[in-house]
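J.: Just one file: coords.cif, with mmCIF, C-alpha atoms, pLDDT in the B column; chains and numbers go by the auth columns.
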```cif
data_protein
loop_
_atom_site.group_PDB
_atom_site.id
_atom_site.type_symbol
_atom_site.label_atom_id
_atom_site.label_comp_id
_atom_site.label_asym_id
_atom_site.label_seq_id
_atom_site.Cartn_x
_atom_site.Cartn_y
_atom_site.Cartn_z
_atom_site.B_iso_or_equiv
_atom_site.auth_seq_id
_atom_site.auth_asym_id
ATOM 1 C CA MET A 1 -50.338 -11.417 -32.438 48.00 1 L
ATOM 2 C CA LYS A 2 -48.628 -13.680 -29.949 68.00 2 L
ATOM 3 C CA THR A 3 -46.227 -16.145 -31.538 80.00 3 L
ATOM 4 C CA LYS A 4 -47.887 -19.533 -31.979 95.00 4 L
ATOM 5 C CA LYS A 5 -46.276 -22.905 -31.339 97.00 5 L
ATOM 6 C CA LEU A 6 -44.557 -24.934 -34.039 98.00 6 L
ATOM 7 C CA HIS A 7 -44.416 -28.680 -33.418 98.00 7 L
ATOM 8 C CA ILE A 8 -42.344 -30.914 -35.711 98.00 8 L
ATOM 9 C CA ILE A 9 -43.260 -34.604 -35.834 98.00 9 L
ATOM 10 C CA SER A 10 -40.839 -37.224 -37.089 98.00 10 L
ATOM 11 C CA THR A 11 -42.026 -39.162 -40.129 96.00 11 L
ATOM 12 C CA GLY A 12 -40.728 -42.546 -39.013 96.00 12 L
ATOM 13 C CA LYS A 13 -39.045 -42.874 -42.416 94.00 13 L
ATOM 14 C CA GLN A 14 -35.779 -41.069 -41.844 97.00 14 L
ATOM 15 C CA LYS A 15 -32.677 -42.610 -40.376 97.00 15 L
ATOM 16 C CA PRO A 16 -32.044 -41.397 -36.809 98.00 16 L
ATOM 17 C CA GLU A 17 -28.769 -39.758 -37.810 98.00 17 L
ATOM 18 C CA GLN A 18 -30.443 -37.904 -40.693 98.00 18 L
ATOM 19 C CA LEU A 19 -33.291 -36.718 -38.470 98.00 19 L
ATOM 20 C CA ALA A 20 -30.858 -35.549 -35.781 98.00 20 L
ATOM 21 C CA GLU A 21 -28.855 -33.657 -38.387 98.00 21 L
ATOM 22 C CA ILE A 22 -31.944 -31.768 -39.603 98.00 22 L
ATOM 23 C CA ILE A 23 -33.329 -31.041 -36.128 98.00 23 L
ATOM 24 C CA GLY A 24 -29.907 -29.897 -34.992 98.00 24 L
ATOM 25 C CA VAL A 25 -30.073 -27.157 -37.619 98.00 25 L
ATOM 26 C CA ILE A 26 -33.731 -26.104 -37.307 98.00 26 L
ATOM 27 C CA HIS A 27 -34.432 -26.447 -33.577 98.00 27 L
ATOM 28 C CA PRO A 28 -33.958 -22.720 -32.804 97.00 28 L
ATOM 29 C CA TYR A 29 -37.069 -22.081 -34.914 97.00 29 L
ATOM 30 C CA ILE A 30 -39.305 -24.778 -33.436 98.00 30 L
ATOM 31 C CA ASP A 31 -40.984 -25.230 -30.070 98.00 31 L
ATOM 32 C CA PHE A 32 -41.218 -29.030 -29.950 98.00 32 L
ATOM 33 C CA ILE A 33 -39.915 -32.064 -31.799 98.00 33 L
ATOM 34 C CA HIS A 34 -42.063 -35.177 -31.451 98.00 34 L
ATOM 35 C CA LEU A 35 -40.365 -38.543 -31.867 98.00 35 L
ATOM 36 C CA ARG A 36 -43.158 -40.544 -33.469 98.00 36 L
ATOM 37 C CA GLU A 37 -41.382 -43.781 -34.314 97.00 37 L
ATOM 38 C CA LYS A 38 -43.986 -46.538 -34.302 95.00 38 L
ATOM 39 C CA THR A 39 -41.681 -49.268 -35.582 96.00 39 L
ATOM 40 C CA LYS A 40 -38.808 -48.604 -33.192 97.00 40 L
ATOM 41 C CA ARG A 41 -38.272 -50.244 -29.829 97.00 41 L
ATOM 42 C CA ALA A 42 -37.884 -48.297 -26.605 97.00 42 L
ATOM 43 C CA LYS A 43 -34.087 -48.544 -26.647 98.00 43 L
ATOM 44 C CA GLU A 44 -33.951 -47.210 -30.211 98.00 44 L
ATOM 45 C CA VAL A 45 -36.143 -44.206 -29.350 98.00 45 L
ATOM 46 C CA TYR A 46 -33.999 -43.536 -26.277 98.00 46 L
ATOM 47 C CA GLU A 47 -30.910 -43.574 -28.508 98.00 47 L
ATOM 48 C CA MET A 48 -32.624 -41.079 -30.835 98.00 48 L
ATOM 49 C CA VAL A 49 -33.003 -38.700 -27.892 98.00 49 L
ATOM 50 C CA GLU A 50 -29.287 -39.061 -27.222 98.00 50 L
ATOM 51 C CA LEU A 51 -28.530 -38.244 -30.861 98.00 51 L
ATOM 52 C CA LEU A 52 -30.636 -35.091 -30.613 98.00 52 L
ATOM 53 C CA ALA A 53 -28.938 -34.105 -27.357 98.00 53 L
ATOM 54 C CA ASP A 54 -25.564 -34.544 -29.076 98.00 54 L
ATOM 55 C CA LYS A 55 -26.749 -31.967 -31.639 98.00 55 L
ATOM 56 C CA LYS A 56 -27.484 -29.550 -28.768 98.00 56 L
ATOM 57 C CA VAL A 57 -31.276 -29.916 -29.096 98.00 57 L
ATOM 58 C CA PRO A 58 -32.707 -29.041 -25.643 98.00 58 L
ATOM 59 C CA LEU A 59 -34.460 -31.921 -23.882 98.00 59 L
ATOM 60 C CA SER A 60 -37.139 -29.357 -23.014 98.00 60 L
ATOM 61 C CA LYS A 61 -38.169 -29.344 -26.688 98.00 61 L
ATOM 62 C CA ILE A 62 -38.488 -33.115 -27.086 98.00 62 L
ATOM 63 C CA MET A 63 -41.784 -35.030 -26.860 98.00 63 L
ATOM 64 C CA ILE A 64 -41.999 -38.826 -27.132 98.00 64 L
ATOM 65 C CA ASN A 65 -45.042 -40.339 -28.779 98.00 65 L
ATOM 66 C CA ASP A 66 -46.780 -43.055 -26.751 98.00 66 L
ATOM 67 C CA ARG A 67 -43.736 -44.311 -24.812 97.00 67 L
ATOM 68 C CA VAL A 68 -44.086 -42.881 -21.319 98.00 68 L
ATOM 69 C CA ASP A 69 -41.216 -45.075 -20.127 97.00 69 L
ATOM 70 C CA VAL A 70 -38.798 -43.583 -22.657 98.00 70 L
ATOM 71 C CA ALA A 71 -39.961 -40.052 -21.885 98.00 71 L
ATOM 72 C CA CYS A 72 -39.248 -40.558 -18.184 97.00 72 L
ATOM 73 C CA ALA A 73 -35.944 -42.348 -18.684 97.00 73 L
ATOM 74 C CA SER A 74 -34.608 -39.691 -21.040 98.00 74 L
ATOM 75 C CA ASN A 75 -35.782 -36.648 -19.025 98.00 75 L
ATOM 76 C CA VAL A 76 -37.481 -35.025 -21.999 98.00 76 L
ATOM 77 C CA LYS A 77 -40.300 -32.492 -21.857 98.00 77 L
ATOM 78 C CA GLY A 78 -43.187 -34.907 -22.180 98.00 78 L
ATOM 79 C CA VAL A 79 -45.246 -37.457 -24.022 98.00 79 L
ATOM 80 C CA GLN A 80 -47.830 -37.345 -26.803 98.00 80 L
ATOM 81 C CA LEU A 81 -50.604 -39.875 -26.243 98.00 81 L
ATOM 82 C CA ALA A 82 -52.950 -41.512 -28.753 95.00 82 L
ATOM 83 C CA TYR A 83 -56.186 -43.489 -28.334 91.00 83 L
ATOM 84 C CA HIS A 84 -54.171 -46.711 -27.843 93.00 84 L
ATOM 85 C CA SER A 85 -51.817 -45.168 -25.263 96.00 85 L
ATOM 86 C CA LEU A 86 -52.113 -45.122 -21.490 97.00 86 L
ATOM 87 C CA PRO A 87 -54.993 -42.859 -20.366 97.00 87 L
ATOM 88 C CA VAL A 88 -54.075 -39.204 -19.865 98.00 88 L
ATOM 89 C CA GLU A 89 -55.294 -39.202 -16.251 97.00 89 L
ATOM 90 C CA ILE A 90 -53.029 -42.136 -15.336 98.00 90 L
ATOM 91 C CA VAL A 91 -49.954 -40.522 -16.870 98.00 91 L
ATOM 92 C CA LYS A 92 -50.660 -37.141 -15.262 97.00 92 L
ATOM 93 C CA ARG A 93 -51.146 -38.741 -11.857 97.00 93 L
ATOM 94 C CA LYS A 94 -48.109 -41.027 -11.959 97.00 94 L
ATOM 95 C CA PHE A 95 -45.681 -38.802 -13.844 96.00 95 L
ATOM 96 C CA MET A 96 -46.423 -35.268 -12.732 95.00 96 L
ATOM 97 C CA ASP A 97 -43.294 -33.752 -14.251 96.00 97 L
ATOM 98 C CA LEU A 98 -44.258 -34.739 -17.807 98.00 98 L
ATOM 99 C CA THR A 99 -46.094 -32.411 -20.156 98.00 99 L
ATOM 100 C CA VAL A 100 -48.871 -34.508 -21.680 98.00 100 L
ATOM 101 C CA GLY A 101 -50.376 -33.926 -25.099 98.00 101 L
ATOM 102 C CA CYS A 102 -53.196 -35.961 -26.583 98.00 102 L
ATOM 103 C CA SER A 103 -54.097 -36.612 -30.215 98.00 103 L
ATOM 104 C CA VAL A 104 -57.826 -36.110 -30.818 98.00 104 L
ATOM 105 C CA HIS A 105 -60.234 -36.200 -33.745 96.00 105 L
ATOM 106 C CA SER A 106 -63.467 -34.766 -32.349 97.00 106 L
ATOM 107 C CA ILE A 107 -64.942 -32.294 -29.867 98.00 107 L
ATOM 108 C CA GLU A 108 -65.798 -35.141 -27.495 98.00 108 L
ATOM 109 C CA GLU A 109 -62.265 -36.546 -27.524 97.00 109 L
ATOM 110 C CA ALA A 110 -60.804 -33.083 -26.932 98.00 110 L
ATOM 111 C CA GLN A 111 -63.111 -32.468 -23.975 98.00 111 L
ATOM 112 C CA ILE A 112 -62.294 -35.851 -22.443 98.00 112 L
ATOM 113 C CA ALA A 113 -58.556 -35.157 -22.835 98.00 113 L
ATOM 114 C CA GLU A 114 -58.986 -31.810 -21.087 98.00 114 L
ATOM 115 C CA GLN A 115 -61.025 -33.341 -18.264 98.00 115 L
ATOM 116 C CA GLN A 116 -58.322 -35.965 -17.734 97.00 116 L
ATOM 117 C CA GLY A 117 -55.641 -33.296 -17.415 98.00 117 L
ATOM 118 C CA ALA A 118 -54.013 -33.055 -20.849 98.00 118 L
ATOM 119 C CA ASP A 119 -51.862 -29.946 -21.245 98.00 119 L
ATOM 120 C CA TYR A 120 -52.842 -29.552 -24.911 98.00 120 L
ATOM 121 C CA VAL A 121 -54.361 -31.524 -27.780 98.00 121 L
ATOM 122 C CA ILE A 122 -53.310 -32.066 -31.380 98.00 122 L
ATOM 123 C CA PHE A 123 -56.377 -32.083 -33.643 98.00 123 L
ATOM 124 C CA GLY A 124 -56.624 -33.227 -37.242 95.00 124 L
ATOM 125 C CA HIS A 125 -56.210 -33.894 -39.907 94.00 125 L
ATOM 126 C CA VAL A 126 -57.407 -30.432 -40.924 96.00 126 L
ATOM 127 C CA TYR A 127 -56.542 -30.535 -44.630 95.00 127 L
ATOM 128 C CA SER A 128 -55.981 -33.368 -47.080 87.00 128 L
ATOM 129 C CA THR A 129 -52.605 -34.954 -46.506 78.00 129 L
ATOM 130 C CA GLN A 130 -50.517 -37.599 -48.239 74.00 130 L
ATOM 131 C CA SER A 131 -50.042 -39.394 -44.931 70.00 131 L
ATOM 132 C CA LYS A 132 -53.792 -40.101 -44.724 69.00 132 L
ATOM 133 C CA PRO A 133 -54.876 -40.845 -48.304 73.00 133 L
ATOM 134 C CA GLY A 134 -58.588 -41.335 -48.881 74.00 134 L
ATOM 135 C CA LEU A 135 -59.610 -39.958 -45.475 82.00 135 L
ATOM 136 C CA ILE A 136 -61.845 -36.896 -45.508 89.00 136 L
ATOM 137 C CA PRO A 137 -60.174 -33.987 -43.709 92.00 137 L
ATOM 138 C CA LYS A 138 -61.846 -32.470 -40.639 95.00 138 L
ATOM 139 C CA GLY A 139 -61.717 -28.963 -42.053 94.00 139 L
ATOM 140 C CA ILE A 140 -61.466 -25.472 -40.617 97.00 140 L
ATOM 141 C CA GLU A 141 -64.999 -25.341 -39.206 97.00 141 L
ATOM 142 C CA GLN A 142 -64.472 -28.417 -37.051 97.00 142 L
ATOM 143 C CA LEU A 143 -61.111 -27.045 -35.908 98.00 143 L
ATOM 144 C CA TRP A 144 -62.923 -23.894 -34.807 98.00 144 L
ATOM 145 C CA SER A 145 -65.544 -25.942 -32.946 98.00 145 L
ATOM 146 C CA VAL A 146 -62.897 -27.974 -31.125 98.00 146 L
ATOM 147 C CA SER A 147 -60.912 -24.845 -30.225 98.00 147 L
ATOM 148 C CA GLU A 148 -64.057 -23.265 -28.805 98.00 148 L
ATOM 149 C CA SER A 149 -64.988 -26.373 -26.807 98.00 149 L
ATOM 150 C CA VAL A 150 -61.851 -26.552 -24.633 98.00 150 L
ATOM 151 C CA SER A 151 -59.694 -24.122 -22.691 98.00 151 L
ATOM 152 C CA ILE A 152 -56.389 -25.927 -23.278 98.00 152 L
ATOM 153 C CA PRO A 153 -54.343 -25.184 -26.430 98.00 153 L
ATOM 154 C CA VAL A 154 -55.363 -26.906 -29.660 98.00 154 L
ATOM 155 C CA ILE A 155 -52.570 -27.633 -32.152 98.00 155 L
ATOM 156 C CA ALA A 156 -53.667 -28.230 -35.748 98.00 156 L
ATOM 157 C CA ILE A 157 -52.167 -31.024 -37.856 97.00 157 L
ATOM 158 C CA GLY A 158 -52.669 -32.403 -41.349 95.00 158 L
ATOM 159 C CA GLY A 159 -51.756 -30.707 -44.618 95.00 159 L
ATOM 160 C CA ILE A 160 -50.549 -27.545 -42.884 96.00 160 L
ATOM 161 C CA THR A 161 -48.490 -25.280 -45.173 96.00 161 L
ATOM 162 C CA PRO A 162 -46.893 -21.926 -44.377 96.00 162 L
ATOM 163 C CA THR A 163 -49.675 -20.083 -46.196 93.00 163 L
ATOM 164 C CA ASN A 164 -52.657 -21.934 -44.703 96.00 164 L
ATOM 165 C CA SER A 165 -51.158 -21.863 -41.202 95.00 165 L
ATOM 166 C CA ARG A 166 -52.587 -18.347 -40.819 93.00 166 L
ATOM 167 C CA GLU A 167 -56.056 -19.717 -41.513 95.00 167 L
ATOM 168 C CA VAL A 168 -55.812 -22.386 -38.796 96.00 168 L
ATOM 169 C CA ILE A 169 -54.587 -19.823 -36.268 96.00 169 L
ATOM 170 C CA GLU A 170 -57.573 -17.627 -37.107 95.00 170 L
ATOM 171 C CA ALA A 171 -59.752 -20.700 -36.466 97.00 171 L
ATOM 172 C CA GLY A 172 -58.538 -20.805 -32.879 97.00 172 L
ATOM 173 C CA ALA A 173 -55.485 -23.089 -33.052 98.00 173 L
ATOM 174 C CA GLN A 174 -52.625 -22.139 -30.756 97.00 174 L
ATOM 175 C CA GLY A 175 -50.093 -23.643 -33.121 98.00 175 L
ATOM 176 C CA VAL A 176 -49.443 -26.159 -35.893 98.00 176 L
ATOM 177 C CA ALA A 177 -47.786 -29.559 -36.178 98.00 177 L
ATOM 178 C CA VAL A 178 -45.825 -30.397 -39.317 98.00 178 L
ATOM 179 C CA MET A 179 -44.162 -33.569 -40.557 96.00 179 L
ATOM 180 C CA SER A 180 -43.004 -33.875 -44.164 94.00 180 L
ATOM 181 C CA GLY A 181 -43.563 -30.169 -44.925 96.00 181 L
ATOM 182 C CA ILE A 182 -40.336 -29.452 -43.090 98.00 182 L
ATOM 183 C CA LEU A 183 -38.478 -32.721 -42.545 97.00 183 L
ATOM 184 C CA GLU A 184 -38.747 -33.800 -46.192 96.00 184 L
ATOM 185 C CA ALA A 185 -38.315 -30.334 -47.698 97.00 185 L
ATOM 186 C CA GLU A 186 -35.373 -29.736 -50.020 97.00 186 L
ATOM 187 C CA ASP A 187 -34.200 -27.060 -47.600 98.00 187 L
ATOM 188 C CA PRO A 188 -35.629 -27.778 -44.118 98.00 188 L
ATOM 189 C CA LEU A 189 -34.121 -24.598 -42.657 98.00 189 L
ATOM 190 C CA GLU A 190 -35.769 -22.381 -45.264 98.00 190 L
ATOM 191 C CA ALA A 191 -39.038 -24.280 -44.847 98.00 191 L
ATOM 192 C CA VAL A 192 -39.079 -23.872 -41.075 98.00 192 L
ATOM 193 C CA LYS A 193 -38.344 -20.156 -41.416 97.00 193 L
ATOM 194 C CA GLN A 194 -41.363 -19.796 -43.711 97.00 194 L
ATOM 195 C CA TYR A 195 -43.653 -21.489 -41.196 97.00 195 L
ATOM 196 C CA ARG A 196 -42.249 -19.400 -38.376 96.00 196 L
ATOM 197 C CA SER A 197 -42.806 -16.160 -40.269 94.00 197 L
ATOM 198 C CA TYR A 198 -46.509 -16.940 -40.723 93.00 198 L
ATOM 199 C CA LEU A 199 -46.874 -17.978 -37.071 93.00 199 L
ATOM 200 C CA SER A 200 -45.151 -14.894 -35.690 84.00 200 L
ATOM 201 C CA GLU A 201 -47.032 -12.082 -37.443 66.00 201 L
#
```
Can the structure in the file be given as C-alpha cells, please?
T.:
Amino acid sequence: MKTKKLHIISTGKQKPEQLAEIIGVIHPYIDFIHLREKTKRAKEVYEMVELLADKKVPLSKIMINDRVDVACASNVKGVQLAYHSLPVEIVKRKFMDLTVGCSVHSIEEAQIAEQQGADYVIFGHVYSTQSKPGLIPKGIEQLWSVSESVSIPVIAIGGITPTNSREVIEAGAQGVAVMSGILEAEDPLEAVKQYRSYLSE
C-alpha cells in the first residue's frame, strides 16, 4: 500500500515556541503542518513560520490556514481555505505557486472545491471529537461517498486515532489530519510514529 499523507494541524492553544519545539522533533514523520491560529494576527503567524524554519522544518511542509497573504509572504507550501476564506478559484488564479487545500463537509462542497481547482480537500469530522462536542460525526460511509465523488485527494479529519486511521484509508481517504492526538500527546514523537506505522503498511 502506498504511504498515505499525515497532516498535523495546530490546536491554537499552544505557545508558538512550544509548538515549534514539538514540530521540530516530529517533522520527519509528517507530510504537512497546518498553522491554524484563528486568534493570531498575520504578523504573529508569520513569526510562527520563522520559528518553525529555525527548527529546520522545511517550508515545503508548512500550510497556512486562511491567510493567503501570510502564505505568500513566508514562501510556504500553501494555504488551507475554509468556507469563510477567499474562494479557491481566486486563490488558484492569483497565486499559482500555492498548493490550495479546502475544508469541506459534504459531497457538494468537495465537488465545488475540485471544480474551482483545489489540490485536495480535508473532510470531516469523521468520528466524534472533543473539538466539536455535540456535533454528529459524518462517519465512514459519508467519507467513502465523498472520496468516490472527486478525483482529488480527500484527507480525513476528526477523532482519527492510529488504529482507526486504517479504516479511513480503506474508505478512500488519501491521508489523515490530526490535532491533539499528536500535539497534546504525552510523547508526541511516539504518537506520530504510531500514526505513521498505520499509514505506511
J.: Which residues are near L:Leu183? Cut-off 10 Å, all atoms listed in the file, ignore same chain within fewer than 2 positions. Put them as a list in words.
T.: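 These residues fall inside the cut-off: Ile8, Ile9, Ser10, Thr11, Gln14, Gln18, Leu19, Ile22, Ile23, Ile26, Val178, Met179, Ser180, Gly181, Ala185, Glu186, Asp187, Pro188, Leu189, Ala191 and Val192 of chain L.
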J.: Any chance you can output those residues with C-alpha atoms as a PDB file, keeping the file's coordinate frame?
T.:
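Listing of selection_16.pdb after writing:
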```pdb
ATOM      1  CA  ILE L   8     -42.344 -30.914 -35.711  1.00 98.00           C
ATOM      2  CA  ILE L   9     -43.260 -34.604 -35.834  1.00 98.00           C
ATOM      3  CA  SER L  10     -40.839 -37.224 -37.089  1.00 98.00           C
ATOM      4  CA  THR L  11     -42.026 -39.162 -40.129  1.00 96.00           C
ATOM      5  CA  GLN L  14     -35.779 -41.069 -41.844  1.00 97.00           C
ATOM      6  CA  GLN L  18     -30.443 -37.904 -40.693  1.00 98.00           C
ATOM      7  CA  LEU L  19     -33.291 -36.718 -38.470  1.00 98.00           C
ATOM      8  CA  ILE L  22     -31.944 -31.768 -39.603  1.00 98.00           C
ATOM      9  CA  ILE L  23     -33.329 -31.041 -36.128  1.00 98.00           C
ATOM     10  CA  ILE L  26     -33.731 -26.104 -37.307  1.00 98.00           C
ATOM     11  CA  VAL L 178     -45.825 -30.397 -39.317  1.00 98.00           C
ATOM     12  CA  MET L 179     -44.162 -33.569 -40.557  1.00 96.00           C
ATOM     13  CA  SER L 180     -43.004 -33.875 -44.164  1.00 94.00           C
ATOM     14  CA  GLY L 181     -43.563 -30.169 -44.925  1.00 96.00           C
ATOM     15  CA  ALA L 185     -38.315 -30.334 -47.698  1.00 97.00           C
ATOM     16  CA  GLU L 186     -35.373 -29.736 -50.020  1.00 97.00           C
ATOM     17  CA  ASP L 187     -34.200 -27.060 -47.600  1.00 98.00           C
ATOM     18  CA  PRO L 188     -35.629 -27.778 -44.118  1.00 98.00           C
ATOM     19  CA  LEU L 189     -34.121 -24.598 -42.657  1.00 98.00           C
ATOM     20  CA  ALA L 191     -39.038 -24.280 -44.847  1.00 98.00           C
ATOM     21  CA  VAL L 192     -39.079 -23.872 -41.075  1.00 98.00           C
TER      22      VAL L 192
END
```
J.: I need the residue set behind the PyMOL selection byres ((chain L and resi 95-110) around 9) for this file; please write it as a PDB file with C-alpha atoms, in the frame of the given file.
T.:
```
ATOM      1  CA  MET L  63     -41.784 -35.030 -26.860  1.00 98.00           C
ATOM      2  CA  VAL L  68     -44.086 -42.881 -21.319  1.00 98.00           C
ATOM      3  CA  ALA L  71     -39.961 -40.052 -21.885  1.00 98.00           C
ATOM      4  CA  CYS L  72     -39.248 -40.558 -18.184  1.00 97.00           C
ATOM      5  CA  ASN L  75     -35.782 -36.648 -19.025  1.00 98.00           C
ATOM      6  CA  VAL L  76     -37.481 -35.025 -21.999  1.00 98.00           C
ATOM      7  CA  LYS L  77     -40.300 -32.492 -21.857  1.00 98.00           C
ATOM      8  CA  GLY L  78     -43.187 -34.907 -22.180  1.00 98.00           C
ATOM      9  CA  VAL L  79     -45.246 -37.457 -24.022  1.00 98.00           C
ATOM     10  CA  GLN L  80     -47.830 -37.345 -26.803  1.00 98.00           C
ATOM     11  CA  LEU L  81     -50.604 -39.875 -26.243  1.00 98.00           C
ATOM     12  CA  ALA L  82     -52.950 -41.512 -28.753  1.00 95.00           C
ATOM     13  CA  TYR L  83     -56.186 -43.489 -28.334  1.00 91.00           C
ATOM     14  CA  VAL L  88     -54.075 -39.204 -19.865  1.00 98.00           C
ATOM     15  CA  ILE L  90     -53.029 -42.136 -15.336  1.00 98.00           C
ATOM     16  CA  VAL L  91     -49.954 -40.522 -16.870  1.00 98.00           C
ATOM     17  CA  LYS L  92     -50.660 -37.141 -15.262  1.00 97.00           C
ATOM     18  CA  ARG L  93     -51.146 -38.741 -11.857  1.00 97.00           C
ATOM     19  CA  LYS L  94     -48.109 -41.027 -11.959  1.00 97.00           C
ATOM     20  CA  GLN L 111     -63.111 -32.468 -23.975  1.00 98.00           C
ATOM     21  CA  ILE L 112     -62.294 -35.851 -22.443  1.00 98.00           C
ATOM     22  CA  ALA L 113     -58.556 -35.157 -22.835  1.00 98.00           C
ATOM     23  CA  GLU L 114     -58.986 -31.810 -21.087  1.00 98.00           C
ATOM     24  CA  GLN L 115     -61.025 -33.341 -18.264  1.00 98.00           C
ATOM     25  CA  GLY L 117     -55.641 -33.296 -17.415  1.00 98.00           C
ATOM     26  CA  ALA L 118     -54.013 -33.055 -20.849  1.00 98.00           C
ATOM     27  CA  ASP L 119     -51.862 -29.946 -21.245  1.00 98.00           C
ATOM     28  CA  TYR L 120     -52.842 -29.552 -24.911  1.00 98.00           C
ATOM     29  CA  VAL L 121     -54.361 -31.524 -27.780  1.00 98.00           C
ATOM     30  CA  ILE L 122     -53.310 -32.066 -31.380  1.00 98.00           C
ATOM     31  CA  PHE L 123     -56.377 -32.083 -33.643  1.00 98.00           C
ATOM     32  CA  GLY L 124     -56.624 -33.227 -37.242  1.00 95.00           C
ATOM     33  CA  HIS L 125     -56.210 -33.894 -39.907  1.00 94.00           C
ATOM     34  CA  LYS L 138     -61.846 -32.470 -40.639  1.00 95.00           C
ATOM     35  CA  GLN L 142     -64.472 -28.417 -37.051  1.00 97.00           C
ATOM     36  CA  LEU L 143     -61.111 -27.045 -35.908  1.00 98.00           C
ATOM     37  CA  SER L 145     -65.544 -25.942 -32.946  1.00 98.00           C
ATOM     38  CA  VAL L 146     -62.897 -27.974 -31.125  1.00 98.00           C
ATOM     39  CA  SER L 147     -60.912 -24.845 -30.225  1.00 98.00           C
ATOM     40  CA  SER L 149     -64.988 -26.373 -26.807  1.00 98.00           C
ATOM     41  CA  VAL L 150     -61.851 -26.552 -24.633  1.00 98.00           C
ATOM     42  CA  VAL L 154     -55.363 -26.906 -29.660  1.00 98.00           C
TER      43      VAL L 154
END
```
J.: Please determine an axis-aligned box that encloses all atoms of stretch 58-68 of chain L listed in the file, with 5 Å added on each side, and express its centre and edge lengths in Å to one decimal as lines of an AutoDock Vina configuration file.
T.:
```
center_x = -39.7
center_y = -36.7
center_z = -25.0
size_x = 24.1
size_y = 25.3
size_z = 17.5
```
J.: Taking only C-alpha atoms into account, name the residue in L:Ile33, L:Val176, L:Glu167, L:Thr39 that is nearest to L:Pro58.
T.: L:Ile33
J.: Give as a PDB file with C-alpha atoms, keeping the file's coordinate frame each residue that has an atom at most 12 Å from (-32.1, -44.8, -31.3) in the file, counting all atoms listed in the file.
T.:
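The resulting file, selection_25.pdb, is reproduced below:
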```pdb
ATOM      1  CA  GLY L  12     -40.728 -42.546 -39.013  1.00 96.00           C
ATOM      2  CA  GLN L  14     -35.779 -41.069 -41.844  1.00 97.00           C
ATOM      3  CA  LYS L  15     -32.677 -42.610 -40.376  1.00 97.00           C
ATOM      4  CA  PRO L  16     -32.044 -41.397 -36.809  1.00 98.00           C
ATOM      5  CA  GLU L  17     -28.769 -39.758 -37.810  1.00 98.00           C
ATOM      6  CA  GLN L  18     -30.443 -37.904 -40.693  1.00 98.00           C
ATOM      7  CA  LEU L  19     -33.291 -36.718 -38.470  1.00 98.00           C
ATOM      8  CA  ALA L  20     -30.858 -35.549 -35.781  1.00 98.00           C
ATOM      9  CA  LEU L  35     -40.365 -38.543 -31.867  1.00 98.00           C
ATOM     10  CA  GLU L  37     -41.382 -43.781 -34.314  1.00 97.00           C
ATOM     11  CA  THR L  39     -41.681 -49.268 -35.582  1.00 96.00           C
ATOM     12  CA  LYS L  40     -38.808 -48.604 -33.192  1.00 97.00           C
ATOM     13  CA  ARG L  41     -38.272 -50.244 -29.829  1.00 97.00           C
ATOM     14  CA  ALA L  42     -37.884 -48.297 -26.605  1.00 97.00           C
ATOM     15  CA  LYS L  43     -34.087 -48.544 -26.647  1.00 98.00           C
ATOM     16  CA  GLU L  44     -33.951 -47.210 -30.211  1.00 98.00           C
ATOM     17  CA  VAL L  45     -36.143 -44.206 -29.350  1.00 98.00           C
ATOM     18  CA  TYR L  46     -33.999 -43.536 -26.277  1.00 98.00           C
ATOM     19  CA  GLU L  47     -30.910 -43.574 -28.508  1.00 98.00           C
ATOM     20  CA  MET L  48     -32.624 -41.079 -30.835  1.00 98.00           C
ATOM     21  CA  VAL L  49     -33.003 -38.700 -27.892  1.00 98.00           C
ATOM     22  CA  GLU L  50     -29.287 -39.061 -27.222  1.00 98.00           C
ATOM     23  CA  LEU L  51     -28.530 -38.244 -30.861  1.00 98.00           C
ATOM     24  CA  LEU L  52     -30.636 -35.091 -30.613  1.00 98.00           C
ATOM     25  CA  ALA L  53     -28.938 -34.105 -27.357  1.00 98.00           C
ATOM     26  CA  VAL L  70     -38.798 -43.583 -22.657  1.00 98.00           C
ATOM     27  CA  SER L  74     -34.608 -39.691 -21.040  1.00 98.00           C
TER      28      SER L  74
END
```
J.: Could you jot down the atom CA of L:Ile157 to atom CA of L:Leu6 separation for me, Å, one decimal place?
T.: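 Computed distance, atom CA of L:Ile157 to atom CA of L:Leu6, equals 10.5 Å.
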J.: Please identify all polymer residues within 8 Å of L:Tyr127, counting only C-alpha atoms, omitting same-chain residues fewer than 4 positions from it, and present them as a ChimeraX atom specification.
T.: /L:137-139,158-160
